[in-house]
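With TSV, C-alpha atoms inside, this is final02.tsv:
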chain	number	residue	atom	x	y	z
A	1	MET	CA	0.00	0.00	0.00
A	2	THR	CA	1.48	3.35	-1.06
A	3	CYS	CA	0.46	6.93	-0.43
A	4	SER	CA	-1.27	9.29	-2.84
A	5	LEU	CA	0.82	12.03	-4.44
A	6	TYR	CA	-2.21	14.26	-4.96
A	7	SER	CA	-5.75	14.74	-3.75
A	8	THR	CA	-8.37	12.49	-5.33
A	9	GLY	CA	-10.80	15.39	-5.30
A	10	ALA	CA	-13.39	13.21	-3.57
A	11	THR	CA	-16.00	15.09	-1.64
A	12	GLY	CA	-17.77	14.52	1.63
A	13	SER	CA	-21.43	14.71	2.35
A	14	SER	CA	-21.34	18.33	3.42
A	15	GLY	CA	-18.60	20.00	1.41
A	16	SER	CA	-16.38	19.90	-1.64
A	17	SER	CA	-12.92	20.91	-0.46
A	18	SER	CA	-10.01	18.88	-1.82
A	19	ASP	CA	-7.40	21.12	-0.19
A	20	GLY	CA	-4.38	19.01	0.74
A	21	GLU	CA	-3.72	21.26	3.72
A	22	ALA	CA	-6.98	20.25	5.36
A	23	ILE	CA	-7.12	18.79	8.87
A	24	GLY	CA	-8.96	15.52	9.29
A	25	PHE	CA	-10.37	14.31	12.61
A	26	ILE	CA	-11.66	10.80	13.29
A	27	GLY	CA	-13.43	9.96	16.55
A	28	LEU	CA	-16.04	12.30	18.01
A	29	GLY	CA	-16.57	10.60	21.35
A	30	GLN	CA	-16.53	12.47	24.66
A	31	MET	CA	-12.82	13.27	24.39
A	32	GLY	CA	-12.53	13.66	20.64
A	33	PHE	CA	-15.60	15.86	20.30
A	34	ASN	CA	-14.19	18.51	22.63
A	35	MET	CA	-10.68	18.25	21.23
A	36	ALA	CA	-11.96	18.63	17.68
A	37	LYS	CA	-13.97	21.70	18.63
A	38	HIS	CA	-10.83	23.47	19.88
A	39	LEU	CA	-8.76	22.40	16.88
A	40	ARG	CA	-11.47	23.53	14.48
A	41	ALA	CA	-11.94	26.89	16.22
A	42	LYS	CA	-8.23	27.67	16.27
A	43	SER	CA	-7.39	26.61	12.72
A	44	SER	CA	-8.07	28.34	9.43
A	45	ALA	CA	-7.57	25.15	7.42
A	46	PRO	CA	-10.48	23.19	5.94
A	47	PHE	CA	-11.75	20.75	8.58
A	48	ILE	CA	-13.03	17.27	7.76
A	49	VAL	CA	-14.51	14.80	10.25
A	50	TYR	CA	-15.50	11.15	10.30
A	51	ASP	CA	-17.28	9.07	12.92
A	52	LEU	CA	-19.50	6.00	12.73
A	53	ASN	CA	-21.95	7.80	15.02
A	54	ARG	CA	-23.93	10.05	12.70
A	55	LEU	CA	-25.57	11.87	15.60
A	56	ALA	CA	-22.15	12.89	16.90
A	57	VAL	CA	-21.19	14.17	13.45
A	58	GLU	CA	-24.41	16.15	13.10
A	59	ARG	CA	-24.00	17.64	16.56
A	60	PHE	CA	-20.40	18.63	15.77
A	61	GLN	CA	-21.48	20.33	12.56
A	62	ALA	CA	-24.27	22.14	14.39
A	63	GLU	CA	-21.93	23.43	17.10
A	64	SER	CA	-18.91	24.14	14.89
A	65	GLY	CA	-20.39	25.68	11.77
A	66	ALA	CA	-21.49	24.64	8.32
A	67	SER	CA	-17.94	24.82	6.99
A	68	VAL	CA	-17.11	21.50	8.67
A	69	GLU	CA	-17.04	18.77	6.04
A	70	VAL	CA	-17.89	15.10	6.53
A	71	ALA	CA	-16.00	12.23	4.95
A	72	SER	CA	-17.68	8.96	4.00
A	73	SER	CA	-14.77	6.85	5.27
A	74	PRO	CA	-11.33	7.17	6.87
A	75	ALA	CA	-9.78	6.52	3.46
A	76	GLU	CA	-11.65	9.40	1.85
A	77	LEU	CA	-10.76	11.71	4.73
A	78	ALA	CA	-7.10	10.71	4.39
A	79	SER	CA	-7.11	11.45	0.66
A	80	ARG	CA	-8.00	15.06	1.40
A	81	ALA	CA	-6.02	15.94	4.54
A	82	SER	CA	-2.38	16.68	5.27
A	83	VAL	CA	-2.89	16.23	9.03
A	84	ILE	CA	-5.08	13.49	10.52
A	85	VAL	CA	-5.97	13.18	14.21
A	86	THR	CA	-7.58	10.02	15.57
A	87	VAL	CA	-9.12	9.56	19.03
A	88	LEU	CA	-10.62	6.08	19.31
A	89	PRO	CA	-11.56	3.79	22.22
A	90	GLU	CA	-9.52	0.62	21.72
A	91	SER	CA	-6.79	-1.11	19.70
A	92	ALA	CA	-9.29	-2.82	17.40
A	93	HIS	CA	-10.88	0.52	16.47
A	94	VAL	CA	-7.48	2.04	15.66
A	95	LYS	CA	-6.48	-0.94	13.51
A	96	GLU	CA	-9.75	-0.76	11.58
A	97	ALA	CA	-9.55	3.03	11.11
A	98	TYR	CA	-5.98	2.87	9.82
A	99	LEU	CA	-5.60	-0.56	8.21
A	100	GLY	CA	-9.16	-1.66	7.35
A	101	GLU	CA	-10.64	-1.96	3.86
A	102	ALA	CA	-11.69	1.70	3.99
A	103	GLY	CA	-8.89	2.70	6.34
A	104	ILE	CA	-6.60	5.70	6.35
A	105	ILE	CA	-3.75	3.78	4.76
A	106	ARG	CA	-5.91	3.23	1.65
A	107	GLY	CA	-6.04	6.92	0.84
A	108	VAL	CA	-3.31	8.64	2.83
A	109	ARG	CA	-1.31	11.34	1.07
A	110	CYS	CA	2.46	11.14	0.83
A	111	GLY	CA	4.03	13.03	3.72
A	112	ALA	CA	0.74	13.44	5.59
A	113	LEU	CA	1.05	13.45	9.39
A	114	CYS	CA	-1.12	11.00	11.33
A	115	ILE	CA	-1.52	11.74	15.04
A	116	ASP	CA	-3.13	8.97	17.06
A	117	SER	CA	-4.32	10.15	20.46
A	118	SER	CA	-6.03	6.88	21.38
A	119	THR	CA	-4.83	4.85	24.36
A	120	ILE	CA	-4.04	1.38	23.00
A	121	ASP	CA	-1.55	-1.48	23.28
A	122	THR	CA	1.98	-0.19	22.71
A	123	SER	CA	2.71	-3.05	20.29
A	124	VAL	CA	-0.40	-2.22	18.22
A	125	SER	CA	0.51	1.46	18.18
A	126	ILE	CA	4.02	0.74	16.91
A	127	ASP	CA	2.72	-1.65	14.26
A	128	VAL	CA	0.08	0.78	12.95
A	129	SER	CA	2.54	3.69	12.91
A	130	SER	CA	5.14	1.57	11.13
A	131	GLN	CA	2.67	0.63	8.41
A	132	VAL	CA	1.63	4.26	7.94
A	133	ILE	CA	5.29	5.25	7.60
A	134	ALA	CA	5.97	2.36	5.20
A	135	ALA	CA	3.14	3.70	3.04
A	136	GLY	CA	4.97	7.03	2.68
A	137	ALA	CA	3.21	9.10	5.34
A	138	ARG	CA	4.31	10.02	8.88
A	139	ALA	CA	2.92	8.94	12.23
A	140	VAL	CA	3.16	9.80	15.92
A	141	ASP	CA	1.41	8.36	18.95
A	142	ALA	CA	0.10	11.08	21.25
A	143	PRO	CA	-2.16	9.70	23.98
A	144	ILE	CA	-3.82	12.09	26.38
A	145	SER	CA	-4.02	12.86	30.07
A	146	GLY	CA	-6.52	15.27	31.58
A	147	GLY	CA	-9.87	13.63	30.96
A	148	ILE	CA	-13.05	15.24	29.69
A	149	MET	CA	-12.52	18.29	31.92
A	150	GLY	CA	-9.13	18.83	30.28
A	151	ALA	CA	-10.55	18.28	26.80
A	152	LYS	CA	-13.24	20.90	27.39
A	153	ALA	CA	-10.73	23.38	28.82
A	154	ALA	CA	-7.99	22.62	26.24
A	155	SER	CA	-5.64	21.88	29.12
A	156	LEU	CA	-4.68	18.33	28.15
A	157	THR	CA	-1.23	16.81	28.36
A	158	PHE	CA	-0.04	14.88	25.31
A	159	MET	CA	2.64	12.21	25.62
A	160	VAL	CA	4.24	11.78	22.21
A	161	GLY	CA	6.22	9.03	20.57
A	162	SER	CA	7.75	10.01	17.22
A	163	GLN	CA	10.33	8.79	14.77
A	164	THR	CA	11.90	12.23	14.30
A	165	ASP	CA	12.14	15.61	16.02
A	166	SER	CA	10.52	17.29	13.01
A	167	ASP	CA	7.48	15.01	13.20
A	168	PHE	CA	7.16	15.85	16.87
A	169	GLU	CA	7.44	19.59	16.28
A	170	GLN	CA	4.77	19.55	13.57
A	171	ALA	CA	2.46	17.46	15.73
A	172	LYS	CA	3.12	19.74	18.71
A	173	ALA	CA	1.84	22.78	16.84
A	174	HIS	CA	-1.54	21.09	16.40
A	175	LEU	CA	-1.67	19.45	19.81
A	176	LEU	CA	-1.16	22.78	21.54
A	177	GLN	CA	-4.47	23.88	20.04
A	178	MET	CA	-6.10	21.18	22.19
A	179	GLY	CA	-3.90	21.12	25.28
A	180	LYS	CA	-1.21	22.93	27.20
A	181	ASN	CA	1.53	20.33	27.70
A	182	VAL	CA	3.13	18.37	24.86
A	183	VAL	CA	6.06	16.15	25.78
A	184	ARG	CA	8.17	13.97	23.51
A	185	CYS	CA	8.71	10.71	25.38
A	186	GLY	CA	10.89	8.98	22.81
A	187	ASP	CA	10.50	6.89	19.67
A	188	LEU	CA	7.29	5.39	18.29
A	189	GLY	CA	5.24	3.82	21.09
A	190	ALA	CA	6.90	5.83	23.85
A	191	GLY	CA	3.81	8.02	24.24
A	192	GLN	CA	1.66	4.95	24.82
A	193	ALA	CA	4.16	3.61	27.34
A	194	ALA	CA	4.09	6.87	29.30
A	195	LYS	CA	0.29	6.98	29.20
A	196	ILE	CA	-0.28	3.52	30.66
A	197	CYS	CA	2.25	4.22	33.42
A	198	ASN	CA	0.36	7.42	34.25
A	199	ASN	CA	-3.00	5.64	34.27
A	200	LEU	CA	-1.65	2.86	36.46
A	201	LEU	CA	-0.73	5.46	39.04
A	202	LEU	CA	-4.03	7.28	38.53
A	203	ALA	CA	-6.08	4.16	39.22
A	204	ILE	CA	-4.10	3.36	42.35
A	205	SER	CA	-4.25	6.94	43.64
A	206	MET	CA	-8.00	7.17	43.07
A	207	ILE	CA	-8.59	3.96	45.00
A	208	GLY	CA	-6.33	5.23	47.79
A	209	THR	CA	-8.10	8.59	47.90
A	210	ALA	CA	-11.51	6.92	47.95
A	211	GLU	CA	-10.44	4.57	50.72
A	212	ALA	CA	-9.05	7.41	52.84
A	213	MET	CA	-12.15	9.55	52.31
A	214	ASN	CA	-14.45	6.64	53.16
A	215	LEU	CA	-12.53	5.96	56.38
A	216	GLY	CA	-12.62	9.64	57.34
A	217	VAL	CA	-16.36	9.92	56.75
A	218	ARG	CA	-17.00	6.80	58.83
A	219	LEU	CA	-14.89	8.30	61.61
A	220	GLY	CA	-17.16	11.33	61.61
A	221	LEU	CA	-15.06	13.80	59.59
A	222	ASP	CA	-16.66	16.31	57.27
A	223	PRO	CA	-15.40	15.23	53.81
A	224	LYS	CA	-14.73	18.85	52.78
A	225	VAL	CA	-12.60	19.38	55.87
A	226	LEU	CA	-10.72	16.15	55.32
A	227	ALA	CA	-10.13	16.97	51.65
A	228	SER	CA	-8.85	20.45	52.54
A	229	ILE	CA	-6.33	18.87	54.91
A	230	VAL	CA	-5.20	16.25	52.39
A	231	ASN	CA	-4.91	18.87	49.66
A	232	THR	CA	-2.50	20.97	51.74
A	233	SER	CA	-0.57	18.01	53.09
A	234	SER	CA	1.59	15.14	51.88
A	235	GLY	CA	-1.40	13.10	50.66
A	236	ARG	CA	-2.28	15.66	48.00
A	237	CYS	CA	-2.87	14.28	44.49
A	238	TRP	CA	-5.06	14.94	41.44
A	239	SER	CA	-7.56	12.35	42.62
A	240	SER	CA	-8.14	14.45	45.72
A	241	ASP	CA	-7.66	18.10	44.72
A	242	THR	CA	-9.27	17.99	41.25
A	243	ALA	CA	-11.46	14.90	40.97
A	244	ASN	CA	-12.28	14.14	44.58
A	245	PRO	CA	-14.51	11.05	44.63
A	246	VAL	CA	-16.90	12.30	47.35
A	247	PRO	CA	-19.94	14.14	45.94
A	248	GLY	CA	-20.07	17.83	46.89
A	249	VAL	CA	-16.43	18.22	47.86
A	250	ILE	CA	-15.41	19.77	44.52
A	251	ASP	CA	-18.10	21.40	42.40
A	252	THR	CA	-16.48	20.56	39.07
A	253	ALA	CA	-15.62	16.95	39.86
A	254	PRO	CA	-17.61	14.15	38.17
A	255	SER	CA	-18.61	12.85	41.62
A	256	THR	CA	-20.66	16.02	42.16
A	257	LYS	CA	-22.37	15.43	38.80
A	258	GLU	CA	-23.59	11.96	39.77
A	259	TYR	CA	-20.30	10.59	38.41
A	260	ASN	CA	-21.08	11.72	34.86
A	261	ASP	CA	-18.86	13.59	32.36
A	262	GLY	CA	-15.73	11.74	33.37
A	263	PHE	CA	-13.50	8.76	32.55
A	264	LYS	CA	-15.68	5.67	32.61
A	265	SER	CA	-14.89	2.79	34.95
A	266	ARG	CA	-14.95	0.28	32.10
A	267	LEU	CA	-12.35	2.35	30.24
A	268	MET	CA	-10.12	2.42	33.29
A	269	LEU	CA	-10.36	-1.36	33.33
A	270	LYS	CA	-9.40	-1.38	29.66
A	271	ASP	CA	-6.33	0.74	30.37
A	272	LEU	CA	-5.34	-1.46	33.30
A	273	GLY	CA	-5.55	-4.39	30.91
A	274	LEU	CA	-3.03	-2.58	28.70
A	275	VAL	CA	-0.85	-2.11	31.78
A	276	SER	CA	-1.10	-5.81	32.55
A	277	ASN	CA	-0.11	-6.75	28.99
A	278	ALA	CA	2.89	-4.43	29.07
A	279	ALA	CA	3.96	-5.75	32.47
A	280	LYS	CA	3.85	-9.32	31.21
A	281	ASP	CA	5.82	-8.43	28.08
A	282	SER	CA	8.48	-6.62	30.13
A	283	ARG	CA	8.41	-9.09	33.05
A	284	THR	CA	7.55	-6.30	35.46
A	285	PRO	CA	5.84	-7.23	38.75
A	286	LEU	CA	2.52	-5.53	39.47
A	287	MET	CA	1.30	-5.65	43.05
A	288	LEU	CA	-0.99	-2.67	43.50
A	289	GLY	CA	-1.68	-2.60	39.78
A	290	ALA	CA	-3.09	-6.11	39.82
A	291	LEU	CA	-5.28	-5.23	42.81
A	292	ALA	CA	-6.51	-2.06	41.07
A	293	GLU	CA	-7.37	-4.05	37.94
A	294	ASN	CA	-9.38	-6.51	40.02
A	295	ILE	CA	-11.28	-3.69	41.74
A	296	TYR	CA	-12.14	-2.00	38.45
A	297	ARG	CA	-13.21	-5.34	37.02
A	298	HIS	CA	-15.85	-5.44	39.75
A	299	LEU	CA	-16.99	-1.92	38.82
A	300	ALA	CA	-17.02	-2.67	35.08
A	301	ASN	CA	-19.19	-5.72	35.74
A	302	ASP	CA	-21.70	-3.62	37.69
A	303	ALA	CA	-24.23	-2.08	35.31
A	304	SER	CA	-24.78	0.85	37.68
A	305	MET	CA	-21.08	1.75	37.74
A	306	ALA	CA	-19.48	0.66	34.47
A	307	GLU	CA	-20.48	3.79	32.55
A	308	LYS	CA	-19.83	6.17	35.44
A	309	ASP	CA	-16.60	8.05	36.17
A	310	PHE	CA	-13.96	5.83	37.71
A	311	SER	CA	-14.06	7.88	40.93
A	312	ILE	CA	-17.27	5.99	41.69
A	313	VAL	CA	-14.94	3.47	43.30
A	314	TYR	CA	-15.68	5.54	46.42
A	315	GLN	CA	-19.30	4.37	46.32
A	316	TRP	CA	-18.19	0.79	45.74
A	317	LEU	CA	-15.87	0.88	48.76
A	318	ALA	CA	-18.63	2.46	50.83
A	319	GLY	CA	-20.96	-0.37	49.87
A	320	LYS	CA	-23.33	1.87	47.93
A	321	LYS	CA	-24.83	1.80	44.46
A	322	ALA	CA	-24.64	4.64	41.94

Encoded form (structure tokens):
Amino acid sequence: MTCSLYSTGATGSSGSSSDGEAIGFIGLGQMGFNMAKHLRAKSSAPFIVYDLNRLAVERFQAESGASVEVASSPAELASRASVIVTVLPESAHVKEAYLGEAGIIRGVRCGALCIDSSTIDTSVSIDVSSQVIAAGARAVDAPISGGIMGAKAASLTFMVGSQTDSDFEQAKAHLLQMGKNVVRCGDLGAGQAAKICNNLLLAISMIGTAEAMNLGVRLGLDPKVLASIVNTSSGRCWSSDTANPVPGVIDTAPSTKEYNDGFKSRLMLKDLGLVSNAAKDSRTPLMLGALAENIYRHLANDASMAEKDFSIVYQWLAGKKA
């Protein structure tokens, strides 16, 4: 499979631009939708989107303006864009979007830059990027930290793996439209490696925060008072000072919104599965990580908690339902 030297001139369902400098965005889920809105608002280039969910596409067009174009497939989008951003849930979705029968690799332009901000298996990320590069385009992995709150505020951190400094610098210019921290972690796959290490720590710290808050409440402490102490002491962490798991402690936290608008428990389990795979491949022992994965497996198997923010582990520890 080789890249295209020129635009095919194919058109989407809502526009006719064949401008090779266009930006393409695939994946309008909770994270991608907000990221794409910032990138669209801050760019003057033609903007093309694709998502299997037609309602998400229609909503994005309605909120972003009629100038947003819609591609009929990842391949068509790739034939018209010089920069492509993908934000997809799992490894299988990334493989299909890039390597499937109507995948990006079928229409990608020579020299186009593909930025994958999904969180997937490191080995899959390296393989997909390598095939994109072999086809004559360029690829970086750039998974995200900051959650839906960060996506809405354009305050995300991107952890980037790239083959060259120049690929990183070009990707950085676009990523800064959607976040505030962009760090090159190393070669292809290094961004994914950094992301799963971060999420391993995040899962453990959220469980620890929830356990401490539950103990404090049962000992008669006001959760706001306890949180204020933790957040000015050595126990301070993001899980306490930004996304505290006790409802009402922090107004903007998912816990105060009935555990909505956050990072779903089932997705945390997915990420911990990626951690487990990487640990096995690298022969790295996981003690707390294995326990965290088991806890989130319980939450993911509970219909009342699986789709809620992962801070709902507080309710699980407290013996309550969502």

Polymer residues at most 10 Å from Ala36 in chain A, only C-alpha atoms, same-chain spacing of 4 or more positions, as an mmCIF file with C-alpha atoms, keeping the file's coordinate frame:
data_model
loop_
_atom_site.group_PDB
_atom_site.id
_atom_site.type_symbol
_atom_site.label_atom_id
_atom_site.label_comp_id
_atom_site.auth_asym_id
_atom_site.auth_seq_id
_atom_site.Cartn_x
_atom_site.Cartn_y
_atom_site.Cartn_z
ATOM 1 C CA GLY A 24 -8.960 15.520 9.290
ATOM 2 C CA PHE A 25 -10.370 14.310 12.610
ATOM 3 C CA ILE A 26 -11.660 10.800 13.290
ATOM 4 C CA GLY A 27 -13.430 9.960 16.550
ATOM 5 C CA LEU A 28 -16.040 12.300 18.010
ATOM 6 C CA GLY A 29 -16.570 10.600 21.350
ATOM 7 C CA MET A 31 -12.820 13.270 24.390
ATOM 8 C CA GLY A 32 -12.530 13.660 20.640
ATOM 9 C CA ARG A 40 -11.470 23.530 14.480
ATOM 10 C CA ALA A 41 -11.940 26.890 16.220
ATOM 11 C CA LYS A 42 -8.230 27.670 16.270
ATOM 12 C CA PHE A 47 -11.750 20.750 8.580
ATOM 13 C CA VAL A 49 -14.510 14.800 10.250
ATOM 14 C CA PHE A 60 -20.400 18.630 15.770
ATOM 15 C CA SER A 64 -18.910 24.140 14.890
ATOM 16 C CA VAL A 85 -5.970 13.180 14.210
ATOM 17 C CA THR A 86 -7.580 10.020 15.570
ATOM 18 C CA VAL A 87 -9.120 9.560 19.030
ATOM 19 C CA ALA A 151 -10.550 18.280 26.800
ATOM 20 C CA GLN A 177 -4.470 23.880 20.040
ATOM 21 C CA MET A 178 -6.100 21.180 22.190
#

Check: Which of these, A:Ser118, A:Asn231, A:Asn34, A:Ser82, has the shortest distance to Ser145 in chain A once you count all atoms listed in the file?
Finding: A:Ser118

Next item on the list: Mind checking which residues fall within 7 Å of range 91-94 of chain A, counting all atoms listed in the file, ignoring those fewer than 6 positions away in the same chain, and posting them as a list in words?
Entry: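 Residues near the query, excluding close chain neighbours: Ile120, Asp121 and Val124 of chain A.
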
Check: Residues at most 9 Å from Phe158 in chain A, counting all atoms listed in the file, excluding those fewer than 5 positions away in the same chain, as a list in words?
Finding: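 Contacts, with the query itself left out: Ser117, Ala142, Pro143, Ile144, Ser145, Lys172, Leu175, Leu176, Gly179, Lys180, Asn181, Val182, Val183, Arg184, Gly191 and Lys195 of chain A.
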
Item checked: Selected residue, from A:Arg283, A:Leu113, A:Asp167, A:Val246, that lies nearest to Trp316 in chain A when counting all atoms listed in the file ->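 Checking each of A:Arg283, A:Leu113, A:Asp167, A:Val246 against Trp316 in chain A, counting all atoms listed in the file, the winner is A:Val246.
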
Checklist line | Within 9 Å of file point (-22.8, 3.6, 35.8), counting all atoms listed in the file, expressed as an NGL selection string | finding: :A and (259-260 or 264-265 or 299-300 or 302-309 or 312 or 322)

Item checked: One-decimal distance in Å that lies between CA of Ala139 in chain A and CA of Met159 in chain A ->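 Going from CA of Met159 in chain A over to CA of Ala139 in chain A, I get 13.8 Å.
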
Notebook entry, point to check: Just how far from CA of Gln61 in chain A is CA of Ser73 in chain A, in Å to one decimal?
Noted result: 16.7 Å

Report as a compact mmCIF listing (two decimals) with C-alpha atoms, in the coordinates of the input all protein, DNA and RNA residues lying within 8 Å of Met268 in chain A, evaluated on all atoms listed in the file, omitting residues in the same chain fewer than 6 positions from it.
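Final output, result.txt:
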# COMPACT_ATOMS: atom_id res chain seq x y z
CA ASN A 199 -3.00 5.64 34.27
CA ALA A 203 -6.08 4.16 39.22
CA TYR A 296 -12.14 -2.00 38.45
CA PHE A 310 -13.96 5.83 37.71

Within 9 Å of Ile207 in chain A using all atoms listed in the file, minus same-chain residues under 2 positions, as a PDB file with C-alpha atoms, in the coordinates of the input:
ATOM      1  CA  LEU A 202      -4.030   7.280  38.530  1.00  0.00           C
ATOM      2  CA  ALA A 203      -6.080   4.160  39.220  1.00  0.00           C
ATOM      3  CA  ILE A 204      -4.100   3.360  42.350  1.00  0.00           C
ATOM      4  CA  SER A 205      -4.250   6.940  43.640  1.00  0.00           C
ATOM      5  CA  THR A 209      -8.100   8.590  47.900  1.00  0.00           C
ATOM      6  CA  ALA A 210     -11.510   6.920  47.950  1.00  0.00           C
ATOM      7  CA  GLU A 211     -10.440   4.570  50.720  1.00  0.00           C
ATOM      8  CA  ALA A 212      -9.050   7.410  52.840  1.00  0.00           C
ATOM      9  CA  SER A 239      -7.560  12.350  42.620  1.00  0.00           C
ATOM     10  CA  ALA A 292      -6.510  -2.060  41.070  1.00  0.00           C
ATOM     11  CA  ILE A 295     -11.280  -3.690  41.740  1.00  0.00           C
ATOM     12  CA  SER A 311     -14.060   7.880  40.930  1.00  0.00           C
ATOM     13  CA  VAL A 313     -14.940   3.470  43.300  1.00  0.00           C
ATOM     14  CA  TYR A 314     -15.680   5.540  46.420  1.00  0.00           C
ATOM     15  CA  LEU A 317     -15.870   0.880  48.760  1.00  0.00           C
TER      16      LEU A 317
END

Margin query: As an exercise, work out the distance from CA of Ser130 in chain A to CA of Cys114 in chain A in Å and give it to one decimal place.
Written below: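 Separation of CA of Ser130 in chain A and CA of Cys114 in chain A: 11.3 Å.
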
Margin query: From the options A:Leu99, A:Arg54, A:Ile126, A:Asp241, which residue's atoms come nearest to Ala71 in chain A, counting only C-alpha atoms?
Written below: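 Closest to Ala71 in chain A of all the choices is A:Arg54.
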
First collect every listed atom of range 121-125 of chain A; then fit an axis-aligned box around them, widen it by 5 Å on each side, and give centre and edge lengths in Å to one decimal, as AutoDock Vina command-line options.
--center_x 0.6 --center_y -0.8 --center_z 20.7 --size_x 14.3 --size_y 14.5 --size_z 15.1

Next item on the list: Please return, as number ranges by chain, all polymer residues that have at least one atom within 10 Å of the point (-2.1, 6.2, 7.1); use only C-alpha atoms and the file's own coordinate frame.
Entry: A: 1-3, 74-75, 78-79, 84, 97-99, 103-115, 128-139

Check: Which of these residues is nearest to Asp281 in chain A, using only C-alpha atoms: A:Leu156, A:Ala173, A:Ser123, A:Ser255?
Finding: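 Distance minimum relative to Asp281 in chain A lands on A:Ser123.
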
Checklist line | Using all atoms listed in the file: which of A:Ala290, A:Pro285, A:Asn53, A:Ala22 has the shortest distance to Leu39 in chain A | finding: A:Ala22

Generate the missing atoms of range 70-88 of chain A up to N, CA and C atoms and report them as a tab-separated table (two decimals), in the frame of the given file.
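result20.tsv, freshly written:
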chain	number	residue	atom	x	y	z
A	70	VAL	N	-17.76	16.47	6.03
A	70	VAL	CA	-17.89	15.10	6.53
A	70	VAL	C	-17.41	14.13	5.47
A	71	ALA	N	-16.50	13.26	5.85
A	71	ALA	CA	-16.00	12.23	4.95
A	71	ALA	C	-16.87	10.98	5.06
A	72	SER	N	-16.89	10.19	4.01
A	72	SER	CA	-17.68	8.96	4.00
A	72	SER	C	-16.92	7.78	4.57
A	73	SER	N	-15.61	7.94	4.74
A	73	SER	CA	-14.77	6.85	5.27
A	73	SER	C	-13.43	7.44	5.71
A	74	PRO	N	-12.68	6.71	6.54
A	74	PRO	CA	-11.33	7.17	6.87
A	74	PRO	C	-10.44	7.32	5.65
A	75	ALA	N	-10.60	6.43	4.67
A	75	ALA	CA	-9.78	6.52	3.46
A	75	ALA	C	-10.05	7.81	2.70
A	76	GLU	N	-11.32	8.17	2.56
A	76	GLU	CA	-11.65	9.40	1.85
A	76	GLU	C	-11.13	10.62	2.61
A	77	LEU	N	-11.29	10.61	3.91
A	77	LEU	CA	-10.76	11.71	4.73
A	77	LEU	C	-9.25	11.84	4.52
A	78	ALA	N	-8.55	10.70	4.53
A	78	ALA	CA	-7.10	10.71	4.39
A	78	ALA	C	-6.66	11.22	3.03
A	79	SER	N	-7.47	11.00	2.00
A	79	SER	CA	-7.11	11.45	0.66
A	79	SER	C	-7.17	12.96	0.51
A	80	ARG	N	-7.78	13.62	1.51
A	80	ARG	CA	-8.00	15.06	1.40
A	80	ARG	C	-7.29	15.88	2.47
A	81	ALA	N	-6.61	15.22	3.41
A	81	ALA	CA	-6.02	15.94	4.54
A	81	ALA	C	-4.51	15.75	4.62
A	82	SER	N	-3.83	16.78	5.06
A	82	SER	CA	-2.38	16.68	5.27
A	82	SER	C	-2.05	16.35	6.73
A	83	VAL	N	-3.02	16.58	7.62
A	83	VAL	CA	-2.89	16.23	9.03
A	83	VAL	C	-4.14	15.47	9.45
A	84	ILE	N	-3.96	14.32	10.09
A	84	ILE	CA	-5.08	13.49	10.52
A	84	ILE	C	-4.92	13.18	12.00
A	85	VAL	N	-5.96	13.47	12.78
A	85	VAL	CA	-5.97	13.18	14.21
A	85	VAL	C	-7.01	12.10	14.47
A	86	THR	N	-6.63	11.07	15.21
A	86	THR	CA	-7.58	10.02	15.57
A	86	THR	C	-7.65	9.89	17.09
A	87	VAL	N	-8.88	9.76	17.60
A	87	VAL	CA	-9.12	9.56	19.03
A	87	VAL	C	-10.18	8.46	19.14
A	88	LEU	N	-9.73	7.24	19.35
A	88	LEU	CA	-10.62	6.08	19.31
A	88	LEU	C	-10.50	5.25	20.58
